>>> print(open('model32.pdb').read())   # PDB, C-alpha atoms and all ligand atoms
ATOM      1  CA  MET P   1      28.922 -24.522  19.656  1.00  0.00           C
ATOM      2  CA  MET P   2      31.739 -24.966  17.151  1.00  0.00           C
ATOM      3  CA  ASP P   3      29.244 -25.421  14.348  1.00  0.00           C
ATOM      4  CA  ARG P   4      27.351 -22.338  15.318  1.00  0.00           C
ATOM      5  CA  LEU P   5      30.506 -20.249  15.343  1.00  0.00           C
ATOM      6  CA  LEU P   6      31.493 -21.593  11.973  1.00  0.00           C
ATOM      7  CA  VAL P   7      28.100 -20.820  10.519  1.00  0.00           C
ATOM      8  CA  LYS P   8      28.280 -17.329  11.895  1.00  0.00           C
ATOM      9  CA  ARG P   9      31.680 -16.666  10.344  1.00  0.00           C
ATOM     10  CA  GLN P  10      30.458 -17.825   6.954  1.00  0.00           C
ATOM     11  CA  GLN P  11      27.701 -15.252   6.870  1.00  0.00           C
ATOM     12  CA  PRO P  12      28.470 -12.430   4.429  1.00  0.00           C
ATOM     13  CA  ALA P  13      29.512  -9.144   5.971  1.00  0.00           C
ATOM     14  CA  SER P  14      27.632  -7.156   3.336  1.00  0.00           C
ATOM     15  CA  PRO P  15      23.813  -6.978   3.119  1.00  0.00           C
ATOM     16  CA  PRO P  16      22.143  -9.791   1.170  1.00  0.00           C
ATOM     17  CA  SER P  17      21.878  -9.304  -2.579  1.00  0.00           C
ATOM     18  CA  PRO P  18      18.610  -7.801  -3.868  1.00  0.00           C
ATOM     19  CA  GLN P  19      15.665 -10.115  -3.588  1.00  0.00           C
ATOM     20  CA  GLN P  20      14.655 -11.569  -6.954  1.00  0.00           C
ATOM     21  CA  PRO P  21      10.906 -11.784  -7.451  1.00  0.00           C
ATOM     22  CA  PRO P  22       9.910 -15.432  -7.918  1.00  0.00           C
ATOM     23  CA  PRO P  23       7.637 -16.401 -10.820  1.00  0.00           C
ATOM     24  CA  ILE P  24       3.971 -15.942  -9.917  1.00  0.00           C
ATOM     25  CA  GLY P  25       2.463 -19.225  -8.709  1.00  0.00           C
ATOM     26  CA  SER P  26      -1.067 -20.267  -9.603  1.00  0.00           C
ATOM     27  CA  ASP P  27      -1.563 -21.104  -5.892  1.00  0.00           C
ATOM     28  CA  TRP P  28      -0.847 -17.524  -4.782  1.00  0.00           C
ATOM     29  CA  ALA P  29      -3.197 -14.957  -3.310  1.00  0.00           C
ATOM     30  CA  LEU P  30      -1.701 -11.796  -4.781  1.00  0.00           C
ATOM     31  CA  PHE P  31      -2.093  -8.421  -3.055  1.00  0.00           C
ATOM     32  CA  LEU P  32      -0.819  -5.385  -4.928  1.00  0.00           C
ATOM     33  CA  ASP P  33      -0.314  -1.812  -3.822  1.00  0.00           C
ATOM     34  CA  LEU P  34      -1.255   0.715  -6.524  1.00  0.00           C
ATOM     35  CA  ASP P  35       0.796   3.949  -6.486  1.00  0.00           C
ATOM     36  CA  GLY P  36       4.488   3.320  -7.023  1.00  0.00           C
ATOM     37  CA  THR P  37       3.872  -0.419  -7.449  1.00  0.00           C
ATOM     38  CA  LEU P  38       1.414  -0.862 -10.350  1.00  0.00           C
ATOM     39  CA  LEU P  39       1.440   2.790 -11.421  1.00  0.00           C
ATOM     40  CA  ASP P  40       4.368   5.182 -11.745  1.00  0.00           C
ATOM     41  CA  LEU P  41       4.271   7.896  -9.100  1.00  0.00           C
ATOM     42  CA  ALA P  42       2.940  11.248 -10.290  1.00  0.00           C
ATOM     43  CA  PRO P  43       3.179  14.800  -8.893  1.00  0.00           C
ATOM     44  CA  THR P  44      -0.339  14.572  -7.411  1.00  0.00           C
ATOM     45  CA  PRO P  45      -2.625  11.618  -6.557  1.00  0.00           C
ATOM     46  CA  THR P  46      -5.040  12.678  -9.315  1.00  0.00           C
ATOM     47  CA  SER P  47      -2.439  12.853 -12.100  1.00  0.00           C
ATOM     48  CA  VAL P  48      -1.398   9.181 -12.178  1.00  0.00           C
ATOM     49  CA  GLU P  49      -1.727   7.373 -15.495  1.00  0.00           C
ATOM     50  CA  VAL P  50      -2.806   3.795 -16.086  1.00  0.00           C
ATOM     51  CA  PRO P  51      -0.561   2.365 -18.826  1.00  0.00           C
ATOM     52  CA  PRO P  52      -2.225   0.639 -21.795  1.00  0.00           C
ATOM     53  CA  GLY P  53      -2.551  -3.077 -21.286  1.00  0.00           C
ATOM     54  CA  LEU P  54      -2.331  -3.069 -17.489  1.00  0.00           C
ATOM     55  CA  ILE P  55      -6.052  -3.603 -16.923  1.00  0.00           C
ATOM     56  CA  ASP P  56      -6.080  -6.547 -19.340  1.00  0.00           C
ATOM     57  CA  VAL P  57      -3.072  -8.093 -17.584  1.00  0.00           C
ATOM     58  CA  LEU P  58      -4.782  -7.717 -14.201  1.00  0.00           C
ATOM     59  CA  ARG P  59      -7.993  -9.248 -15.551  1.00  0.00           C
ATOM     60  CA  ARG P  60      -6.181 -12.278 -16.951  1.00  0.00           C
ATOM     61  CA  LEU P  61      -4.033 -12.655 -13.846  1.00  0.00           C
ATOM     62  CA  SER P  62      -7.122 -12.560 -11.638  1.00  0.00           C
ATOM     63  CA  ALA P  63      -8.634 -15.360 -13.734  1.00  0.00           C
ATOM     64  CA  ARG P  64      -5.437 -17.395 -13.508  1.00  0.00           C
ATOM     65  CA  LEU P  65      -5.440 -17.004  -9.696  1.00  0.00           C
ATOM     66  CA  GLY P  66      -9.075 -18.014  -9.377  1.00  0.00           C
ATOM     67  CA  GLY P  67     -10.000 -14.457  -8.436  1.00  0.00           C
ATOM     68  CA  ALA P  68      -7.384 -14.251  -5.657  1.00  0.00           C
ATOM     69  CA  LEU P  69      -5.997 -10.894  -6.776  1.00  0.00           C
ATOM     70  CA  ALA P  70      -6.677  -7.754  -4.730  1.00  0.00           C
ATOM     71  CA  ILE P  71      -5.532  -4.154  -4.662  1.00  0.00           C
ATOM     72  CA  VAL P  72      -4.380  -2.967  -1.221  1.00  0.00           C
ATOM     73  CA  THR P  73      -4.005   0.785  -1.181  1.00  0.00           C
ATOM     74  CA  GLY P  74      -4.099   3.989   0.807  1.00  0.00           C
ATOM     75  CA  ARG P  75      -6.624   5.356  -1.677  1.00  0.00           C
ATOM     76  CA  PRO P  76     -10.401   5.149  -1.278  1.00  0.00           C
ATOM     77  CA  LEU P  77     -12.194   2.337  -3.130  1.00  0.00           C
ATOM     78  CA  GLU P  78     -13.810   4.705  -5.661  1.00  0.00           C
ATOM     79  CA  ASP P  79     -10.380   5.809  -6.882  1.00  0.00           C
ATOM     80  CA  ILE P  80      -9.397   2.248  -7.669  1.00  0.00           C
ATOM     81  CA  ASP P  81     -12.612   1.532  -9.552  1.00  0.00           C
ATOM     82  CA  ARG P  82     -12.238   4.743 -11.546  1.00  0.00           C
ATOM     83  CA  LEU P  83      -8.600   4.038 -12.438  1.00  0.00           C
ATOM     84  CA  LEU P  84      -9.059   0.341 -13.280  1.00  0.00           C
ATOM     85  CA  ALA P  85     -12.520   0.557 -14.939  1.00  0.00           C
ATOM     86  CA  PRO P  86     -14.154  -1.557 -16.200  1.00  0.00           C
ATOM     87  CA  LEU P  87     -12.298  -4.043 -13.977  1.00  0.00           C
ATOM     88  CA  ARG P  88     -13.656  -4.378 -10.438  1.00  0.00           C
ATOM     89  CA  LEU P  89     -11.197  -6.326  -8.315  1.00  0.00           C
ATOM     90  CA  PRO P  90     -11.462  -6.963  -4.588  1.00  0.00           C
ATOM     91  CA  VAL P  91      -9.946  -3.862  -2.967  1.00  0.00           C
ATOM     92  CA  ALA P  92      -8.769  -2.916   0.512  1.00  0.00           C
ATOM     93  CA  GLY P  93      -8.708   0.868   0.563  1.00  0.00           C
ATOM     94  CA  ASN P  94      -7.780   3.649   2.963  1.00  0.00           C
ATOM     95  CA  HIS P  95      -4.886   1.552   4.333  1.00  0.00           C
ATOM     96  CA  GLY P  96      -7.156  -1.311   5.243  1.00  0.00           C
ATOM     97  CA  ALA P  97      -9.945   0.727   6.795  1.00  0.00           C
ATOM     98  CA  SER P  98     -12.502  -0.379   4.190  1.00  0.00           C
ATOM     99  CA  ALA P  99     -12.765  -3.091   1.578  1.00  0.00           C
ATOM    100  CA  ARG P 100     -14.792  -4.496  -1.270  1.00  0.00           C
ATOM    101  CA  LEU P 101     -14.816  -8.211  -0.683  1.00  0.00           C
ATOM    102  CA  PRO P 102     -14.667 -10.902  -3.366  1.00  0.00           C
ATOM    103  CA  ASP P 103     -18.472 -11.267  -3.220  1.00  0.00           C
ATOM    104  CA  GLY P 104     -18.828  -7.593  -4.162  1.00  0.00           C
ATOM    105  CA  THR P 105     -19.996  -6.333  -0.762  1.00  0.00           C
ATOM    106  CA  THR P 106     -18.279  -3.310   0.736  1.00  0.00           C
ATOM    107  CA  ARG P 107     -17.543  -3.041   4.417  1.00  0.00           C
ATOM    108  CA  ALA P 108     -15.168  -1.641   7.016  1.00  0.00           C
ATOM    109  CA  LEU P 109     -12.460  -4.096   8.031  1.00  0.00           C
ATOM    110  CA  ALA P 110     -12.317  -2.666  11.546  1.00  0.00           C
ATOM    111  CA  GLU P 111     -14.273  -0.190  13.628  1.00  0.00           C
ATOM    112  CA  PHE P 112     -12.807   3.292  13.655  1.00  0.00           C
ATOM    113  CA  ALA P 113     -14.053   6.429  15.356  1.00  0.00           C
ATOM    114  CA  PRO P 114     -14.538   9.349  12.947  1.00  0.00           C
ATOM    115  CA  LEU P 115     -11.650  11.825  12.888  1.00  0.00           C
ATOM    116  CA  PRO P 116     -11.942  14.730  15.337  1.00  0.00           C
ATOM    117  CA  PRO P 117     -14.010  17.204  13.272  1.00  0.00           C
ATOM    118  CA  GLU P 118     -11.716  20.161  13.888  1.00  0.00           C
ATOM    119  CA  TRP P 119      -8.702  18.473  12.273  1.00  0.00           C
ATOM    120  CA  LEU P 120      -9.599  18.959   8.626  1.00  0.00           C
ATOM    121  CA  PRO P 121     -10.419  22.705   8.789  1.00  0.00           C
ATOM    122  CA  HIS P 122      -7.321  23.246  10.903  1.00  0.00           C
ATOM    123  CA  ALA P 123      -5.121  21.412   8.373  1.00  0.00           C
ATOM    124  CA  GLU P 124      -6.722  23.226   5.419  1.00  0.00           C
ATOM    125  CA  GLU P 125      -6.227  26.581   7.058  1.00  0.00           C
ATOM    126  CA  ALA P 126      -2.576  25.882   7.868  1.00  0.00           C
ATOM    127  CA  CYS P 127      -1.798  24.524   4.386  1.00  0.00           C
ATOM    128  CA  ALA P 128      -3.631  27.344   2.551  1.00  0.00           C
ATOM    129  CA  THR P 129      -0.545  29.522   3.018  1.00  0.00           C
ATOM    130  CA  TRP P 130       1.814  26.852   1.616  1.00  0.00           C
ATOM    131  CA  PRO P 131       1.533  26.745  -2.196  1.00  0.00           C
ATOM    132  CA  GLY P 132       1.817  23.237  -3.618  1.00  0.00           C
ATOM    133  CA  VAL P 133       0.771  21.461  -0.415  1.00  0.00           C
ATOM    134  CA  ILE P 134      -2.335  19.304  -0.898  1.00  0.00           C
ATOM    135  CA  VAL P 135      -4.696  18.286   1.901  1.00  0.00           C
ATOM    136  CA  GLU P 136      -6.476  15.055   1.024  1.00  0.00           C
ATOM    137  CA  PRO P 137      -9.396  14.177   3.324  1.00  0.00           C
ATOM    138  CA  LYS P 138     -10.191  10.460   3.583  1.00  0.00           C
ATOM    139  CA  PRO P 139     -12.956   8.714   5.509  1.00  0.00           C
ATOM    140  CA  TYR P 140     -10.757   7.893   8.508  1.00  0.00           C
ATOM    141  CA  SER P 141      -7.630   9.949   7.933  1.00  0.00           C
ATOM    142  CA  ILE P 142      -6.076  13.051   6.383  1.00  0.00           C
ATOM    143  CA  ALA P 143      -3.116  12.890   3.989  1.00  0.00           C
ATOM    144  CA  LEU P 144      -0.873  15.958   3.670  1.00  0.00           C
ATOM    145  CA  HIS P 145       1.023  15.877   0.364  1.00  0.00           C
ATOM    146  CA  TYR P 146       4.123  18.016  -0.210  1.00  0.00           C
ATOM    147  CA  ARG P 147       5.562  16.509  -3.404  1.00  0.00           C
ATOM    148  CA  GLN P 148       5.215  19.889  -5.129  1.00  0.00           C
ATOM    149  CA  ALA P 149       6.563  21.767  -2.101  1.00  0.00           C
ATOM    150  CA  PRO P 150       9.321  19.575  -0.659  1.00  0.00           C
ATOM    151  CA  GLU P 151      10.695  22.491   1.348  1.00  0.00           C
ATOM    152  CA  ARG P 152       7.551  22.244   3.472  1.00  0.00           C
ATOM    153  CA  GLU P 153       8.274  18.746   4.789  1.00  0.00           C
ATOM    154  CA  PHE P 154       9.069  19.906   8.310  1.00  0.00           C
ATOM    155  CA  ASP P 155       6.099  22.273   8.432  1.00  0.00           C
ATOM    156  CA  ILE P 156       3.850  19.393   7.375  1.00  0.00           C
ATOM    157  CA  LEU P 157       5.346  17.044   9.930  1.00  0.00           C
ATOM    158  CA  ALA P 158       4.925  19.679  12.654  1.00  0.00           C
ATOM    159  CA  LEU P 159       1.292  20.121  11.629  1.00  0.00           C
ATOM    160  CA  ALA P 160       0.708  16.359  11.703  1.00  0.00           C
ATOM    161  CA  ARG P 161       2.282  16.179  15.171  1.00  0.00           C
ATOM    162  CA  GLU P 162       0.123  19.043  16.331  1.00  0.00           C
ATOM    163  CA  LEU P 163      -3.023  17.214  15.160  1.00  0.00           C
ATOM    164  CA  VAL P 164      -2.115  13.826  16.588  1.00  0.00           C
ATOM    165  CA  GLY P 165      -0.582  15.152  19.824  1.00  0.00           C
ATOM    166  CA  GLY P 166      -2.556  13.882  22.804  1.00  0.00           C
ATOM    167  CA  HIS P 167      -4.653  11.432  20.737  1.00  0.00           C
ATOM    168  CA  PRO P 168      -3.299   7.986  21.627  1.00  0.00           C
ATOM    169  CA  ASP P 169      -5.500   6.267  19.022  1.00  0.00           C
ATOM    170  CA  TYR P 170      -3.888   8.096  16.108  1.00  0.00           C
ATOM    171  CA  GLU P 171      -0.494   7.981  14.493  1.00  0.00           C
ATOM    172  CA  ILE P 172       1.498   9.690  11.746  1.00  0.00           C
ATOM    173  CA  LEU P 173       2.372   7.612   8.722  1.00  0.00           C
ATOM    174  CA  LYS P 174       5.128   8.738   6.376  1.00  0.00           C
ATOM    175  CA  ALA P 175       4.604   8.051   2.673  1.00  0.00           C
ATOM    176  CA  HIS P 176       6.209   9.369  -0.530  1.00  0.00           C
ATOM    177  CA  TYR P 177       6.220  13.149  -0.017  1.00  0.00           C
ATOM    178  CA  ALA P 178       3.267  12.887   2.319  1.00  0.00           C
ATOM    179  CA  TYR P 179       2.373  12.459   5.947  1.00  0.00           C
ATOM    180  CA  GLU P 180      -0.920  10.900   6.894  1.00  0.00           C
ATOM    181  CA  VAL P 181      -2.668  11.142  10.260  1.00  0.00           C
ATOM    182  CA  ARG P 182      -4.793   8.077  10.817  1.00  0.00           C
ATOM    183  CA  PRO P 183      -6.121   5.536  13.320  1.00  0.00           C
ATOM    184  CA  GLN P 184      -3.402   3.206  14.573  1.00  0.00           C
ATOM    185  CA  GLN P 185      -5.396   0.051  13.893  1.00  0.00           C
ATOM    186  CA  ALA P 186      -5.917   0.785  10.176  1.00  0.00           C
ATOM    187  CA  THR P 187      -3.105  -1.023   8.415  1.00  0.00           C
ATOM    188  CA  LYS P 188      -2.634  -2.819   5.136  1.00  0.00           C
ATOM    189  CA  GLY P 189      -1.451  -5.771   7.222  1.00  0.00           C
ATOM    190  CA  LEU P 190      -4.836  -5.983   8.910  1.00  0.00           C
ATOM    191  CA  ALA P 191      -6.473  -5.914   5.478  1.00  0.00           C
ATOM    192  CA  ILE P 192      -4.420  -8.872   4.290  1.00  0.00           C
ATOM    193  CA  GLU P 193      -5.182 -10.863   7.440  1.00  0.00           C
ATOM    194  CA  ARG P 194      -8.920 -10.255   6.978  1.00  0.00           C
ATOM    195  CA  LEU P 195      -8.976 -10.998   3.243  1.00  0.00           C
ATOM    196  CA  MET P 196      -6.994 -14.208   3.771  1.00  0.00           C
ATOM    197  CA  GLU P 197      -9.881 -15.494   5.889  1.00  0.00           C
ATOM    198  CA  LEU P 198     -12.152 -15.358   2.832  1.00  0.00           C
ATOM    199  CA  ALA P 199     -12.514 -17.392  -0.357  1.00  0.00           C
ATOM    200  CA  PRO P 200     -10.887 -17.333  -2.860  1.00  0.00           C
ATOM    201  CA  PHE P 201      -7.844 -16.084  -0.899  1.00  0.00           C
ATOM    202  CA  ARG P 202      -8.129 -18.581   1.962  1.00  0.00           C
ATOM    203  CA  GLY P 203      -5.730 -21.516   1.713  1.00  0.00           C
ATOM    204  CA  ARG P 204      -3.500 -19.819  -0.848  1.00  0.00           C
ATOM    205  CA  ILE P 205       0.025 -18.428  -0.396  1.00  0.00           C
ATOM    206  CA  PRO P 206      -0.263 -14.700   0.377  1.00  0.00           C
ATOM    207  CA  VAL P 207       2.101 -12.499  -1.598  1.00  0.00           C
ATOM    208  CA  PHE P 208       2.133  -8.734  -1.196  1.00  0.00           C
ATOM    209  CA  VAL P 209       4.022  -6.204  -3.325  1.00  0.00           C
ATOM    210  CA  GLY P 210       4.393  -2.583  -2.233  1.00  0.00           C
ATOM    211  CA  ASP P 211       6.834   0.269  -2.583  1.00  0.00           C
ATOM    212  CA  ASP P 212       6.386   2.321   0.540  1.00  0.00           C
ATOM    213  CA  GLU P 213       7.039   2.440   4.259  1.00  0.00           C
ATOM    214  CA  THR P 214       3.278   2.337   4.665  1.00  0.00           C
ATOM    215  CA  ASP P 215       3.412  -1.147   3.142  1.00  0.00           C
ATOM    216  CA  GLU P 216       5.641  -2.756   5.757  1.00  0.00           C
ATOM    217  CA  SER P 217       2.690  -4.023   7.807  1.00  0.00           C
ATOM    218  CA  ALA P 218       1.381  -5.797   4.687  1.00  0.00           C
ATOM    219  CA  ARG P 219       4.734  -7.372   3.843  1.00  0.00           C
ATOM    220  CA  ALA P 220       4.993  -8.542   7.459  1.00  0.00           C
ATOM    221  CA  ALA P 221       1.440  -9.965   7.432  1.00  0.00           C
ATOM    222  CA  ALA P 222       2.097 -11.900   4.208  1.00  0.00           C
ATOM    223  CA  ARG P 223       5.276 -13.399   5.684  1.00  0.00           C
ATOM    224  CA  GLN P 224       3.535 -14.151   8.981  1.00  0.00           C
ATOM    225  CA  LEU P 225       0.902 -16.126   7.075  1.00  0.00           C
ATOM    226  CA  GLY P 226       3.558 -18.210   5.331  1.00  0.00           C
ATOM    227  CA  GLY P 227       3.852 -16.093   2.197  1.00  0.00           C
ATOM    228  CA  ILE P 228       6.114 -13.478   0.673  1.00  0.00           C
ATOM    229  CA  GLY P 229       6.391  -9.723   1.170  1.00  0.00           C
ATOM    230  CA  LEU P 230       8.126  -7.953  -1.715  1.00  0.00           C
ATOM    231  CA  ASP P 231       9.469  -4.410  -1.740  1.00  0.00           C
ATOM    232  CA  VAL P 232       9.555  -2.676  -5.136  1.00  0.00           C
ATOM    233  CA  ALA P 233      12.941  -1.049  -4.445  1.00  0.00           C
ATOM    234  CA  PRO P 234      15.094  -4.178  -3.916  1.00  0.00           C
ATOM    235  CA  SER P 235      13.008  -6.655  -5.891  1.00  0.00           C
ATOM    236  CA  PHE P 236      12.122  -4.575  -8.946  1.00  0.00           C
ATOM    237  CA  GLY P 237      14.807  -1.888  -8.932  1.00  0.00           C
ATOM    238  CA  GLY P 238      12.252   0.630  -7.682  1.00  0.00           C
ATOM    239  CA  SER P 239      10.408   0.436 -11.010  1.00  0.00           C
ATOM    240  CA  ALA P 240       6.636   0.037 -11.307  1.00  0.00           C
ATOM    241  CA  GLY P 241       7.318  -0.780 -14.973  1.00  0.00           C
ATOM    242  CA  ARG P 242       9.250  -3.863 -13.907  1.00  0.00           C
ATOM    243  CA  VAL P 243       6.430  -4.916 -11.594  1.00  0.00           C
ATOM    244  CA  ARG P 244       4.062  -4.648 -14.575  1.00  0.00           C
ATOM    245  CA  GLN P 245       6.422  -6.736 -16.725  1.00  0.00           C
ATOM    246  CA  TRP P 246       6.564  -9.376 -13.996  1.00  0.00           C
ATOM    247  CA  LEU P 247       2.753  -9.539 -13.894  1.00  0.00           C
ATOM    248  CA  ALA P 248       2.471  -9.604 -17.688  1.00  0.00           C
ATOM    249  CA  SER P 249       4.991 -12.435 -17.981  1.00  0.00           C
ATOM    250  CA  ALA P 250       2.749 -14.577 -15.746  1.00  0.00           C
ATOM    251  CA  VAL P 251      -0.125 -14.366 -18.228  1.00  0.00           C
ATOM    252  CA  ALA P 252       1.850 -14.258 -21.466  1.00  0.00           C
ATOM    253  CA  GLY P 253       0.388 -16.884 -23.734  1.00  0.00           C
ATOM    254  CA  ASP P 254      -2.903 -17.087 -21.820  1.00  0.00           C
ATOM    255  CA  GLY P 255      -5.934 -16.609 -24.024  1.00  0.00           C
ATOM    256  CA  ALA P 256      -7.464 -13.135 -23.860  1.00  0.00           C
TER     257      ALA P 256
HETATM  258 MG    MG H   1       2.641   2.724  -2.959  1.00  0.00          MG
END
>>> encode(input="model32.pdb", output="structure tokens")
Amino acid sequence: MMDRLLVKRQQPASPPSPQQPPPIGSDWALFLDLDGTLLDLAPTPTSVEVPPGLIDVLRRLSARLGGALAIVTGRPLEDIDRLLAPLRLPVAGNHGASARLPDGTTRALAEFAPLPPEWLPHAEEACATWPGVIVEPKPYSIALHYRQAPEREFDILALARELVGGHPDYEILKAHYAYEVRPQQATKGLAIERLMELAPFRGRIPVFVGDDETDESARAAARQLGGIGLDVAPSFGGSAGRVRQWLASAVAGDGA
């Protein structure tokens, strides 16, 4: 009892210092979010830029990890392939709803009912009167972006609540200047659990890096499986550029 009290008193009163990202291990299975983690955030999902050199770093890192490098994103798979071309990494897209596996096959990671068909026209009609608001339809969800109309946040949230209200299988996910209505089971955490069952990820230490609230399930899944869940804000000062430096330093000196 005495020892426990003593230990308790020695704990710092202030929050722990920011987490330092450890050097990338060759025995890791590395799962990376895209927007805000690998790429700087942009005003719209279509206006992101892929910095020179990033694709080469990812290619070399994938080789160093025996192919155990995957993108885990809210975007659809086609977006990732377009942005990272000619590289084609394993990808879990749409927040884990669908994936391209290491063997190149594409499949859903869980069974989801299609969205109620009236949701998209209803959302488009409501948002048509709000300049700057973008409605992004996805296979299993709808994202409502208000980065260019931040004053509309509460209107967007009310709309999302109106859509999801009374549908126990759906939830509202808050992202950077966006709300997304989506099936509850579709999470990045689920994607990591499923990918970790497959070679070349299986048996490695899962490490996930993401910048958003939508990434918490993935950080938790990585930790649950004995790995590490990193948040871009505390571990990289909120800078995608620092994440890229961290990745590049792991392959510095490797042959191209
Ligand atoms: Mg992100």
>>> residues_around(input="model32.pdb", residues="Trp130 in chain P", least_positions_apart="4", cutoff="10 Å", atoms="only C-alpha atoms", output="list in words")
Glu125, Ala126, Ile134, Tyr146, Ala149, Glu151, Arg152, Asp155 and Ile156 of chain P
>>> closest_residue(input="model32.pdb", among="P:Ala233, P:Val135, P:Leu115, P:Leu30", to="Gly66 in chain P", atoms="only C-alpha atoms")
P:Leu30
>>> residues_near_ligand(input="model32.pdb", ligand="ligand MG 1 (chain H)", cutoff="12 Å", atoms="only C-alpha atoms and all ligand atoms", output="CSV table (one decimal) with C-alpha atoms, keeping the file's coordinate frame")
chain,number,residue,atom,x,y,z
P,32,LEU,CA,-0.8,-5.4,-4.9
P,33,ASP,CA,-0.3,-1.8,-3.8
P,34,LEU,CA,-1.3,0.7,-6.5
P,35,ASP,CA,0.8,3.9,-6.5
P,36,GLY,CA,4.5,3.3,-7.0
P,37,THR,CA,3.9,-0.4,-7.4
P,38,LEU,CA,1.4,-0.9,-10.4
P,39,LEU,CA,1.4,2.8,-11.4
P,40,ASP,CA,4.4,5.2,-11.7
P,41,LEU,CA,4.3,7.9,-9.1
P,42,ALA,CA,2.9,11.2,-10.3
P,45,PRO,CA,-2.6,11.6,-6.6
P,48,VAL,CA,-1.4,9.2,-12.2
P,71,ILE,CA,-5.5,-4.2,-4.7
P,72,VAL,CA,-4.4,-3.0,-1.2
P,73,THR,CA,-4.0,0.8,-1.2
P,74,GLY,CA,-4.1,4.0,0.8
P,75,ARG,CA,-6.6,5.4,-1.7
P,95,HIS,CA,-4.9,1.6,4.3
P,174,LYS,CA,5.1,8.7,6.4
P,175,ALA,CA,4.6,8.1,2.7
P,176,HIS,CA,6.2,9.4,-0.5
P,177,TYR,CA,6.2,13.1,0.0
P,178,ALA,CA,3.3,12.9,2.3
P,188,LYS,CA,-2.6,-2.8,5.1
P,208,PHE,CA,2.1,-8.7,-1.2
P,209,VAL,CA,4.0,-6.2,-3.3
P,210,GLY,CA,4.4,-2.6,-2.2
P,211,ASP,CA,6.8,0.3,-2.6
P,212,ASP,CA,6.4,2.3,0.5
P,213,GLU,CA,7.0,2.4,4.3
P,214,THR,CA,3.3,2.3,4.7
P,215,ASP,CA,3.4,-1.1,3.1
P,216,GLU,CA,5.6,-2.8,5.8
P,218,ALA,CA,1.4,-5.8,4.7
P,231,ASP,CA,9.5,-4.4,-1.7
P,232,VAL,CA,9.6,-2.7,-5.1
P,233,ALA,CA,12.9,-1.0,-4.4
P,238,GLY,CA,12.3,0.6,-7.7
P,239,SER,CA,10.4,0.4,-11.0
P,240,ALA,CA,6.6,0.0,-11.3
>>> residues_around(input="model32.pdb", residues="His167 in chain P", least_positions_apart="5", cutoff="12 Å", atoms="all atoms listed in the file", output="list in words")
Ala113, Leu115, Pro116, Trp119, Ala160, Arg161, Glu162, Ile172, Val181, Arg182, Pro183 and Gln184 of chain P
>>> resolve_selection(input="model32.pdb", expression="the PyMOL selection byres (((chain P and resi 53-59) around 12) and not hetatm)", output="ChimeraX atom specification")
/P:30-32,34,38-39,49-52,60-71,80-90,240-241,243-256
>>> atom_distance(input="model32.pdb", atom1="CA of Leu101 in chain P", atom2="CA of Leu195 in chain P")
7.6 Å
>>> atom_distance(input="model32.pdb", atom1="CA of Ala29 in chain P", atom2="CA of Tyr140 in chain P")
26.8 Å
>>> atom_distance(input="model32.pdb", atom1="CA of Ser26 in chain P", atom2="CA of Ala110 in chain P")
29.7 Å
>>> closest_residue(input="model32.pdb", among="P:Arg204, P:Arg242, P:Arg194, P:His145", to="Gly226 in chain P", atoms="all atoms listed in the file")
P:Arg204
>>> resolve_selection(input="model32.pdb", expression="the PyMOL selection byres (((chain P and resi 20) around 12) and not hetatm)", output="PyMOL selection string")
chain P and resi 16-19+21-24+228-237+242-243+246
